[in-house]
>>> print(open('work.pdb').read())   # PDB, C-alpha atoms (C1' of nucleotides)
ATOM      1  CA  MET A  21     -19.688  22.881  -9.430
ATOM      2  CA  ALA A  22     -21.921  25.077 -11.496
ATOM      3  CA  ASN A  23     -22.603  28.567 -10.299
ATOM      4  CA  TYR A  24     -26.247  29.066  -9.466
ATOM      5  CA  SER A  25     -27.504  32.603  -9.355
ATOM      6  CA  THR A  26     -28.928  33.343  -5.939
ATOM      7  CA  LYS A  27     -30.286  36.354  -4.190
ATOM      8  CA  GLY A  28     -27.269  36.544  -1.910
ATOM      9  CA  LYS A  29     -24.718  36.461  -4.688
ATOM     10  CA  ARG A  30     -26.553  39.052  -6.700
ATOM     11  CA  ALA A  31     -26.804  41.355  -3.695
ATOM     12  CA  ILE A  32     -23.106  41.117  -2.917
ATOM     13  CA  ILE A  33     -21.959  41.618  -6.485
ATOM     14  CA  GLU A  34     -24.245  44.594  -6.946
ATOM     15  CA  TYR A  35     -23.020  46.156  -3.741
ATOM     16  CA  LEU A  36     -19.378  45.726  -4.671
ATOM     17  CA  LYS A  37     -19.979  47.085  -8.154
ATOM     18  CA  ASN A  38     -21.646  50.148  -6.718
ATOM     19  CA  ASN A  39     -18.621  50.878  -4.561
ATOM     20  CA  PRO A  40     -15.655  50.647  -6.914
ATOM     21  CA  ASP A  41     -13.455  52.991  -4.931
ATOM     22  CA  ARG A  42     -13.764  51.236  -1.614
ATOM     23  CA  GLN A  43     -12.506  47.967  -0.239
ATOM     24  CA  MET A  44     -14.852  46.337   2.205
ATOM     25  CA  SER A  45     -14.575  43.628   4.800
ATOM     26  CA  ALA A  46     -17.000  40.718   4.887
ATOM     27  CA  GLU A  47     -18.479  42.284   7.979
ATOM     28  CA  ASP A  48     -18.934  45.654   6.245
ATOM     29  CA  ILE A  49     -20.783  43.959   3.426
ATOM     30  CA  PHE A  50     -22.941  41.901   5.735
ATOM     31  CA  ALA A  51     -23.903  44.957   7.754
ATOM     32  CA  SER A  52     -24.484  47.194   4.755
ATOM     33  CA  LEU A  53     -26.795  44.794   2.972
ATOM     34  CA  GLY A  54     -29.084  44.632   5.969
ATOM     35  CA  GLU A  55     -32.260  42.760   5.081
ATOM     36  CA  ASN A  56     -30.888  41.582   1.776
ATOM     37  CA  ALA A  57     -27.764  40.089   3.257
ATOM     38  CA  PRO A  58     -27.336  36.351   3.182
ATOM     39  CA  GLY A  59     -26.140  34.766   6.437
ATOM     40  CA  GLN A  60     -22.651  35.548   7.611
ATOM     41  CA  SER A  61     -21.275  32.190   6.643
ATOM     42  CA  SER A  62     -22.732  32.610   3.170
ATOM     43  CA  VAL A  63     -21.137  36.024   2.844
ATOM     44  CA  TYR A  64     -17.747  34.517   3.599
ATOM     45  CA  ARG A  65     -18.391  31.566   1.302
ATOM     46  CA  ILE A  66     -19.592  33.716  -1.574
ATOM     47  CA  LEU A  67     -16.695  36.155  -1.285
ATOM     48  CA  SER A  68     -14.287  33.277  -1.143
ATOM     49  CA  SER A  69     -15.570  31.671  -4.323
ATOM     50  CA  MET A  70     -15.686  34.990  -6.124
ATOM     51  CA  THR A  71     -12.088  35.578  -5.129
ATOM     52  CA  LYS A  72     -11.122  32.227  -6.619
ATOM     53  CA  SER A  73     -12.933  33.000  -9.850
ATOM     54  CA  GLY A  74     -11.311  36.412 -10.102
ATOM     55  CA  GLU A  75     -14.554  38.335  -9.964
ATOM     56  CA  VAL A  76     -13.349  40.121  -6.823
ATOM     57  CA  ARG A  77      -9.938  40.839  -5.347
ATOM     58  CA  ARG A  78      -9.197  40.106  -1.762
ATOM     59  CA  GLU A  79      -6.287  41.471   0.192
ATOM     60  CA  ARG A  80      -5.083  42.037   3.687
ATOM     61  CA  ASP A  81      -5.862  45.465   4.973
ATOM     62  CA  GLU A  82      -2.849  47.177   6.474
ATOM     63  CA  GLY A  83      -4.226  48.691   9.633
ATOM     64  CA  GLY A  84      -7.421  46.653   9.786
ATOM     65  CA  ASP A  85      -7.681  43.163  11.088
ATOM     66  CA  GLY A  86      -8.767  41.003   8.257
ATOM     67  CA  PHE A  87      -9.393  40.813   4.566
ATOM     68  CA  VAL A  88     -11.006  43.409   2.350
ATOM     69  CA  TYR A  89     -12.703  42.913  -0.996
ATOM     70  CA  GLN A  90     -13.336  44.956  -4.097
ATOM     71  CA  TYR A  91     -14.963  44.276  -7.445
ATOM     72  CA  ALA A  92     -12.323  43.442 -10.033
ATOM     73  CA  GLN A  93     -13.863  41.679 -13.026
ATOM     74  CA  ASN A  94     -12.353  42.940 -16.281
ATOM     75  CA  MET A  95     -10.739  45.891 -14.593
ATOM     76  CA  GLY A  96      -7.140  44.821 -15.108
ATOM     77  CA  CYS A  97      -6.405  45.145 -11.410
ATOM     78  CA  ASP A  98      -3.505  42.732 -11.734
ATOM     79  CA  LYS A  99      -1.832  45.173 -14.080
ATOM     80  CA  HIS A 100      -1.818  48.355 -12.075
ATOM     81  CA  PHE A 101      -1.051  49.553  -8.561
ATOM     82  CA  HIS A 102      -3.754  50.735  -6.223
ATOM     83  CA  LEU A 103      -3.527  53.748  -3.969
ATOM     84  CA  LYS A 104      -5.378  53.525  -0.711
ATOM     85  CA  CYS A 105      -6.010  56.305   1.746
ATOM     86  CA  VAL A 106      -5.301  55.084   5.256
ATOM     87  CA  GLU A 107      -7.693  57.710   6.571
ATOM     88  CA  CYS A 108     -10.914  57.378   4.580
ATOM     89  CA  GLY A 109     -10.255  54.112   2.762
ATOM     90  CA  LYS A 110     -10.635  55.555  -0.707
ATOM     91  CA  VAL A 111      -9.027  53.424  -3.400
ATOM     92  CA  VAL A 112      -7.656  54.699  -6.698
ATOM     93  CA  HIS A 113      -6.782  52.424  -9.596
ATOM     94  CA  LEU A 114      -3.455  53.926 -10.574
ATOM     95  CA  HIS A 115      -2.980  54.043 -14.320
ATOM     96  CA  CYS A 116       0.354  55.784 -14.460
ATOM     97  CA  HIS A 117       3.405  55.591 -16.689
ATOM     98  CA  VAL A 118       5.714  56.631 -13.866
ATOM     99  CA  SER A 119       4.674  53.505 -11.951
ATOM    100  CA  ASP A 120       5.475  51.425 -14.991
ATOM    101  CA  GLU A 121       8.878  53.050 -15.155
ATOM    102  CA  LEU A 122       9.524  52.194 -11.530
ATOM    103  CA  ILE A 123       8.564  48.585 -12.156
ATOM    104  CA  SER A 124      10.955  48.407 -15.112
ATOM    105  CA  HIS A 125      13.696  50.032 -13.117
ATOM    106  CA  ILE A 126      13.263  47.647 -10.208
ATOM    107  CA  TYR A 127      13.355  44.715 -12.584
ATOM    108  CA  ALA A 128      16.528  45.898 -14.272
ATOM    109  CA  GLU A 129      18.422  47.313 -11.334
ATOM    110  CA  HIS A 130      17.132  45.685  -8.183
ATOM    111  CA  GLY A 131      16.374  42.191  -9.420
ATOM    112  CA  PHE A 132      12.687  42.033  -8.525
ATOM    113  CA  MET A 133       9.717  41.376 -10.752
ATOM    114  CA  ILE A 134       6.995  43.364  -9.043
ATOM    115  CA  ASP A 135       3.496  41.928  -8.931
ATOM    116  CA  SER A 136       1.255  44.978  -9.260
ATOM    117  CA  GLY A 137      -1.818  43.013  -8.317
ATOM    118  CA  LYS A 138      -0.444  42.183  -4.887
ATOM    119  CA  THR A 139       0.863  45.661  -4.161
ATOM    120  CA  VAL A 140      -1.009  48.553  -2.595
ATOM    121  CA  LEU A 141       0.504  51.979  -2.037
ATOM    122  CA  TYR A 142      -0.778  53.424   1.235
ATOM    123  CA  GLY A 143      -1.014  57.085   1.940
ATOM    124  CA  ARG A 144      -3.417  59.970   2.362
ATOM    125  CA  CYS A 145      -5.641  61.401  -0.289
ATOM    126  CA  ALA A 146      -6.044  65.122  -0.867
ATOM    127  CA  ALA A 147      -9.397  65.230   0.891
ATOM    128  CA  CYS A 148      -7.792  63.783   4.019
ATOM    129  CA  GLY A 149      -4.973  66.284   4.026
ATOM    130  CA  GLY A 150      -2.401  64.237   2.173
ATOM    131  CA  ALA A 151      -1.780  66.336  -0.908
ATOM    132  CA  LYS A 152      -2.141  70.092  -1.094
TER     133      LYS A 152
ATOM    134  CA  MET B  15       6.076  52.110  32.727
ATOM    135  CA  ALA B  16       9.849  51.810  32.639
ATOM    136  CA  ASN B  17      11.420  49.324  30.300
ATOM    137  CA  TYR B  18      13.230  46.617  32.183
ATOM    138  CA  SER B  19      15.803  44.603  30.290
ATOM    139  CA  THR B  20      14.886  40.944  30.425
ATOM    140  CA  LYS B  21      16.220  37.770  28.907
ATOM    141  CA  GLY B  22      13.220  37.460  26.626
ATOM    142  CA  LYS B  23      13.461  40.969  25.241
ATOM    143  CA  ARG B  24      17.163  40.638  24.622
ATOM    144  CA  ALA B  25      16.705  37.330  22.822
ATOM    145  CA  ILE B  26      13.996  38.694  20.544
ATOM    146  CA  ILE B  27      15.872  41.869  19.657
ATOM    147  CA  GLU B  28      19.067  39.970  18.942
ATOM    148  CA  TYR B  29      17.213  37.542  16.726
ATOM    149  CA  LEU B  30      15.511  40.280  14.743
ATOM    150  CA  LYS B  31      18.789  42.175  14.356
ATOM    151  CA  ASN B  32      20.465  39.062  13.021
ATOM    152  CA  ASN B  33      17.812  38.663  10.336
ATOM    153  CA  PRO B  34      17.514  42.080   8.717
ATOM    154  CA  ASP B  35      16.289  40.781   5.394
ATOM    155  CA  ARG B  36      13.424  38.726   6.688
ATOM    156  CA  GLN B  37      10.101  39.521   8.258
ATOM    157  CA  MET B  38       8.999  37.033  10.848
ATOM    158  CA  SER B  39       5.763  36.158  12.535
ATOM    159  CA  ALA B  40       5.483  35.915  16.297
ATOM    160  CA  GLU B  41       5.228  32.166  15.854
ATOM    161  CA  ASP B  42       8.400  32.058  13.735
ATOM    162  CA  ILE B  43      10.270  33.928  16.418
ATOM    163  CA  PHE B  44       8.930  31.784  19.201
ATOM    164  CA  ALA B  45       9.875  28.595  17.372
ATOM    165  CA  SER B  46      13.290  29.817  16.283
ATOM    166  CA  LEU B  47      14.392  30.901  19.723
ATOM    167  CA  GLY B  48      13.697  27.461  21.128
ATOM    168  CA  GLU B  49      15.036  27.227  24.671
ATOM    169  CA  ASN B  50      15.682  30.931  24.892
ATOM    170  CA  ALA B  51      12.193  31.910  23.888
ATOM    171  CA  PRO B  52       9.958  33.553  26.434
ATOM    172  CA  GLY B  53       6.415  32.200  26.649
ATOM    173  CA  GLN B  54       4.143  32.790  23.687
ATOM    174  CA  SER B  55       2.142  35.457  25.415
ATOM    175  CA  SER B  56       5.346  37.272  26.286
ATOM    176  CA  VAL B  57       6.532  37.094  22.681
ATOM    177  CA  TYR B  58       3.335  38.799  21.572
ATOM    178  CA  ARG B  59       3.506  41.328  24.391
ATOM    179  CA  ILE B  60       7.152  42.157  23.762
ATOM    180  CA  LEU B  61       6.694  42.530  20.008
ATOM    181  CA  SER B  62       3.698  44.716  20.595
ATOM    182  CA  SER B  63       5.536  47.103  22.892
ATOM    183  CA  MET B  64       8.545  47.225  20.585
ATOM    184  CA  THR B  65       6.229  48.100  17.738
ATOM    185  CA  LYS B  66       4.800  50.967  19.754
ATOM    186  CA  SER B  67       8.263  52.269  20.574
ATOM    187  CA  GLY B  68       9.360  52.044  16.951
ATOM    188  CA  GLU B  69      12.141  49.558  17.580
ATOM    189  CA  VAL B  70      10.465  47.090  15.235
ATOM    190  CA  ARG B  71       8.048  47.415  12.382
ATOM    191  CA  ARG B  72       4.961  45.282  12.175
ATOM    192  CA  GLU B  73       2.838  44.771   9.129
ATOM    193  CA  ARG B  74       0.257  42.471   7.684
ATOM    194  CA  ASP B  75       1.733  39.820   5.506
ATOM    195  CA  GLU B  76       0.006  39.591   2.148
ATOM    196  CA  GLY B  77      -0.430  35.880   1.648
ATOM    197  CA  GLY B  78       0.170  34.857   5.254
ATOM    198  CA  ASP B  79      -2.389  35.036   7.977
ATOM    199  CA  GLY B  80      -1.083  37.425  10.510
ATOM    200  CA  PHE B  81       1.490  40.031  11.332
ATOM    201  CA  VAL B  82       5.176  39.969  10.568
ATOM    202  CA  TYR B  83       7.954  41.873  12.276
ATOM    203  CA  GLN B  84      11.372  43.193  11.377
ATOM    204  CA  TYR B  85      14.003  45.209  13.181
ATOM    205  CA  ALA B  86      13.707  48.870  12.276
ATOM    206  CA  GLN B  87      15.508  51.038  14.822
ATOM    207  CA  ASN B  88      17.463  53.827  13.130
ATOM    208  CA  MET B  89      17.088  52.230   9.721
ATOM    209  CA  GLY B  90      14.857  54.895   8.243
ATOM    210  CA  CYS B  91      12.289  52.307   7.275
ATOM    211  CA  ASP B  92       9.606  54.954   7.269
ATOM    212  CA  LYS B  93      11.445  56.731   4.500
ATOM    213  CA  HIS B  94      11.831  53.998   1.900
ATOM    214  CA  PHE B  95       9.815  51.258   0.267
ATOM    215  CA  HIS B  96      10.473  47.619   0.929
ATOM    216  CA  LEU B  97      10.496  44.906  -1.679
ATOM    217  CA  LYS B  98       9.342  41.514  -0.538
ATOM    218  CA  CYS B  99       9.610  38.269  -2.441
ATOM    219  CA  VAL B 100       6.332  36.394  -2.199
ATOM    220  CA  GLU B 101       8.221  33.152  -2.753
ATOM    221  CA  CYS B 102      11.143  33.142  -0.311
ATOM    222  CA  GLY B 103      10.193  36.071   1.887
ATOM    223  CA  LYS B 104      13.371  38.027   1.272
ATOM    224  CA  VAL B 105      13.056  41.714   2.070
ATOM    225  CA  VAL B 106      15.061  44.490   0.441
ATOM    226  CA  HIS B 107      15.203  48.012   1.825
ATOM    227  CA  LEU B 108      14.751  49.943  -1.384
ATOM    228  CA  HIS B 109      16.938  53.026  -1.518
ATOM    229  CA  CYS B 110      16.084  54.242  -4.970
ATOM    230  CA  HIS B 111      15.690  57.623  -6.618
ATOM    231  CA  VAL B 112      13.118  56.280  -9.084
ATOM    232  CA  SER B 113      10.851  55.414  -6.158
ATOM    233  CA  ASP B 114      11.255  58.928  -4.857
ATOM    234  CA  GLU B 115      10.281  60.235  -8.256
ATOM    235  CA  LEU B 116       7.153  58.120  -8.271
ATOM    236  CA  ILE B 117       6.193  59.409  -4.855
ATOM    237  CA  SER B 118       6.660  63.014  -6.026
ATOM    238  CA  HIS B 119       4.684  62.322  -9.162
ATOM    239  CA  ILE B 120       1.812  60.737  -7.246
ATOM    240  CA  TYR B 121       1.736  63.690  -4.894
ATOM    241  CA  ALA B 122       1.657  66.226  -7.724
ATOM    242  CA  GLU B 123      -0.549  64.439 -10.213
ATOM    243  CA  HIS B 124      -2.680  61.933  -8.349
ATOM    244  CA  GLY B 125      -3.305  63.771  -5.120
ATOM    245  CA  PHE B 126      -1.893  61.227  -2.700
ATOM    246  CA  MET B 127       0.864  61.620  -0.153
ATOM    247  CA  ILE B 128       2.338  58.121  -0.068
ATOM    248  CA  ASP B 129       3.485  56.718   3.257
ATOM    249  CA  SER B 130       6.547  54.672   2.374
ATOM    250  CA  GLY B 131       6.625  53.076   5.762
ATOM    251  CA  LYS B 132       3.252  51.453   5.273
ATOM    252  CA  THR B 133       3.877  50.305   1.734
ATOM    253  CA  VAL B 134       5.462  47.056   0.594
ATOM    254  CA  LEU B 135       6.065  46.169  -3.042
ATOM    255  CA  TYR B 136       5.458  42.461  -3.547
ATOM    256  CA  GLY B 137       7.077  40.426  -6.256
ATOM    257  CA  ARG B 138       9.676  37.777  -6.951
ATOM    258  CA  CYS B 139      13.380  38.142  -6.418
ATOM    259  CA  ALA B 140      15.936  37.009  -8.989
ATOM    260  CA  ALA B 141      16.758  33.868  -7.031
ATOM    261  CA  CYS B 142      13.115  32.836  -7.163
ATOM    262  CA  GLY B 143      12.835  33.364 -10.890
ATOM    263  CA  GLY B 144      11.484  36.901 -10.828
ATOM    264  CA  ALA B 145      14.186  38.818 -12.655
ATOM    265  CA  LYS B 146      16.480  37.357 -15.302
TER     266      LYS B 146
ATOM    267  C1'  DT C  27      23.580  42.740  49.737
ATOM    268  C1'  DT C  28      19.203  43.011  51.245
ATOM    269  C1'  DT C  29      14.625  45.121  50.531
ATOM    270  C1'  DG C  30      10.659  46.419  48.198
ATOM    271  C1'  DA C  31       7.905  48.605  44.808
ATOM    272  C1'  DA C  32       7.351  48.667  39.951
ATOM    273  C1'  DT C  33       7.490  45.865  36.074
ATOM    274  C1'  DT C  34       7.497  41.629  33.508
ATOM    275  C1'  DT C  35       6.436  37.003  32.941
ATOM    276  C1'  DG C  36       3.776  32.710  31.970
ATOM    277  C1'  DA C  37      -0.313  29.827  31.851
ATOM    278  C1'  DG C  38      -4.493  29.829  30.397
ATOM    279  C1'  DA C  39      -8.983  32.124  29.362
ATOM    280  C1'  DA C  40     -11.209  35.280  26.183
ATOM    281  C1'  DT C  41     -11.756  37.424  21.754
ATOM    282  C1'  DT C  42     -12.118  37.945  16.785
ATOM    283  C1'  DA C  43     -12.019  36.806  12.003
ATOM    284  C1'  DT C  44     -12.444  33.073   9.212
ATOM    285  C1'  DT C  45     -13.341  28.293   7.758
ATOM    286  C1'  DA C  46     -15.657  23.748   8.089
ATOM    287  C1'  DT C  47     -19.749  20.763   8.849
ATOM    288  C1'  DC C  48     -24.090  19.176   7.562
ATOM    289  C1'  DA C  49     -29.045  18.955   7.486
ATOM    290  C1'  DT C  50     -32.349  21.741   4.945
ATOM    291  C1'  DT C  51     -33.714  24.643   1.169
ATOM    292  C1'  DT C  52     -33.195  26.480  -3.391
ATOM    293  C1'  DT C  53     -32.099  26.327  -8.196
ATOM    294  C1'  DG C  54     -32.864  25.317 -12.971
ATOM    295  C1'  DG C  55     -33.040  21.922 -16.500
ATOM    296  C1'  DA C  56     -35.681  17.744 -18.086
TER     297       DA C  56
ATOM    298  C1'  DT D  18     -43.851  19.246 -11.819
ATOM    299  C1'  DC D  19     -39.784  16.486 -10.508
ATOM    300  C1'  DC D  20     -35.212  15.849  -9.123
ATOM    301  C1'  DA D  21     -30.298  15.913  -8.573
ATOM    302  C1'  DA D  22     -26.806  19.276  -7.985
ATOM    303  C1'  DA D  23     -25.644  23.209  -5.563
ATOM    304  C1'  DA D  24     -26.280  26.848  -2.112
ATOM    305  C1'  DT D  25     -27.762  28.289   2.344
ATOM    306  C1'  DG D  26     -27.756  29.050   7.372
ATOM    307  C1'  DA D  27     -26.961  27.743  12.035
ATOM    308  C1'  DT D  28     -23.483  26.294  14.543
ATOM    309  C1'  DA D  29     -19.001  24.156  15.701
ATOM    310  C1'  DA D  30     -14.145  24.377  14.929
ATOM    311  C1'  DT D  31      -9.795  26.775  14.103
ATOM    312  C1'  DA D  32      -6.062  30.016  14.492
ATOM    313  C1'  DA D  33      -3.876  34.234  15.636
ATOM    314  C1'  DT D  34      -3.837  37.541  18.946
ATOM    315  C1'  DT D  35      -5.067  39.872  23.229
ATOM    316  C1'  DC D  36      -6.365  39.846  28.048
ATOM    317  C1'  DT D  37      -6.065  38.484  33.023
ATOM    318  C1'  DC D  38      -3.741  37.960  37.147
ATOM    319  C1'  DA D  39      -0.887  35.579  40.475
ATOM    320  C1'  DA D  40       3.997  34.665  40.778
ATOM    321  C1'  DA D  41       8.663  35.839  39.521
ATOM    322  C1'  DT D  42      12.069  39.261  38.124
ATOM    323  C1'  DT D  43      14.348  43.657  37.827
ATOM    324  C1'  DC D  44      16.884  47.389  39.660
ATOM    325  C1'  DA D  45      17.680  51.172  42.484
ATOM    326  C1'  DA D  46      17.970  52.700  47.143
ATOM    327  C1'  DA D  47      19.027  51.743  51.847
TER     328       DA D  47
END
>>> encode(input="work.pdb", output="structure tokens")
Amino acid sequence: MANYSTKGKRAIIEYLKNNPDRQMSAEDIFASLGENAPGQSSVYRILSSMTKSGEVRRERDEGGDGFVYQYAQNMGCDKHFHLKCVECGKVVHLHCHVSDELISHIYAEHGFMIDSGKTVLYGRCAACGGAK
Amino acid sequence: MANYSTKGKRAIIEYLKNNPDRQMSAEDIFASLGENAPGQSSVYRILSSMTKSGEVRRERDEGGDGFVYQYAQNMGCDKHFHLKCVECGKVVHLHCHVSDELISHIYAEHGFMIDSGKTVLYGRCAACGGAK
DNA sequence: TTTGAATTTGAGAATTATTATCATTTTGGA
DNA sequence: TCCAAAATGATAATAATTCTCAAATTCAAA
């Protein structure tokens, strides 16, 4: 039940921390860590327990075929939307008053309490030809 | 290459049309059609071709473990957000000027061109205790 | 309405991402 | 160092989806 510090966990956490604007699949992480990667089953197990503890976020990737992960500890990711570029995968943590206004409006006028943490806005970033 | 009209296709389309405010998995559809359902592999094949043609929309279901489908022909679903209740699954086609404002704002200030058709706002509907 | 070529179907095999199992190894406190 | 709890890794199991291909269906033309 405790949470032993192991080479595998440290490698995964460090890798996720170093890539805050990307969401990666378990396979991506396994491949990227190369020599330092724990076995595949450990990667899945570690990511799963970190997701439960809140240290990382896991979500379905629209367009991919599985889950993707990103570091989330103390980043307030449940409180803001994320923008994700469908082209390059770049993720932006959207701190934006206009989003907050939309959430309020939807609550008042459309009868939904939006859960920012479960919502991702997909689109194209400027570098990928989305915005001018 | 043509598109023959068959019992299975007609049954699936009719079922999706009759449930505009739900998104259903292939398994849901197969089970719900009962006697009239084509074989499982045909359900997947039919939904896949309808997705390609644009007659239905398919997306990953946050929280579920697969794809969900909804009827989309001539409904402009690529032009508006959808709200989905994580509790009961209800889907609302969000026609809302405040959303449009957010999209404009994100384009101008955050450098992303949002793709409404790929974006779903998750939350809880009033009936499920989301809004007052 | 019969014919036939193109298309679709259905049963089951194959694939892919993820989870479960369990013997072995590692961890960290006593 | 010793040891019990916990983590690992190899592999099996699961589940959703896709693929394969022979048999059945569709539909237009004769």
>>> resolve_selection(input="work.pdb", expression="the PyMOL selection byres ((chain B) within 9 of (chain C))", output="NGL selection string")
:B and (15-18 or 20 or 52-56)
>>> atom_distance(input="work.pdb", atom1="CA of Tyr136 in chain B", atom2="CA of Lys98 in chain B")
5.0 Å
>>> resolve_selection(input="work.pdb", expression="the PyMOL selection byres ((chain A) within 7 of (chain B))", output="list in words")
Glu79, Arg80, Glu82, Val118, Ser119, Leu122, Tyr127, Gly131, Phe132, Met133, Ile134, Asp135, Lys138, Thr139, Val140, Leu141, Tyr142, Gly143, Arg144, Cys145, Ala146, Gly150 and Ala151 of chain A
>>> closest_residue(input="work.pdb", among="A:Val88, A:Met70, A:Val63, A:Val111", to="chain D", atoms="all atoms listed in the file")
A:Val63
>>> interface_residues(input="work.pdb", of="chain D", to="chain A", cutoff="10 Å", atoms="only C-alpha atoms (C1' of nucleotides)", output="list in words")
DA22, DA23, DA24, DT25, DG26 and DA27 of chain D
>>> resolve_selection(input="work.pdb", expression="the PyMOL selection byres ((chain A and resi 76) around 6)", output="JSON, numbers by chain")
{"A": [70, 71, 74, 75, 77, 90, 91, 92]}
>>> atom_distance(input="work.pdb", atom1="CA of Ser68 in chain A", atom2="CA of Lys37 in chain A")
16.5 Å
>>> atom_distance(input="work.pdb", atom1="CA of Asn32 in chain B", atom2="CA of Ser63 in chain B")
19.6 Å
>>> residues_near_point(input="work.pdb", point="(13.9, 39.3, 21.5)", cutoff="9 Å", atoms="only C-alpha atoms (C1' of nucleotides)", output="PyMOL selection string")
chain B and resi 21-30+43+47+51-52+57+60-61
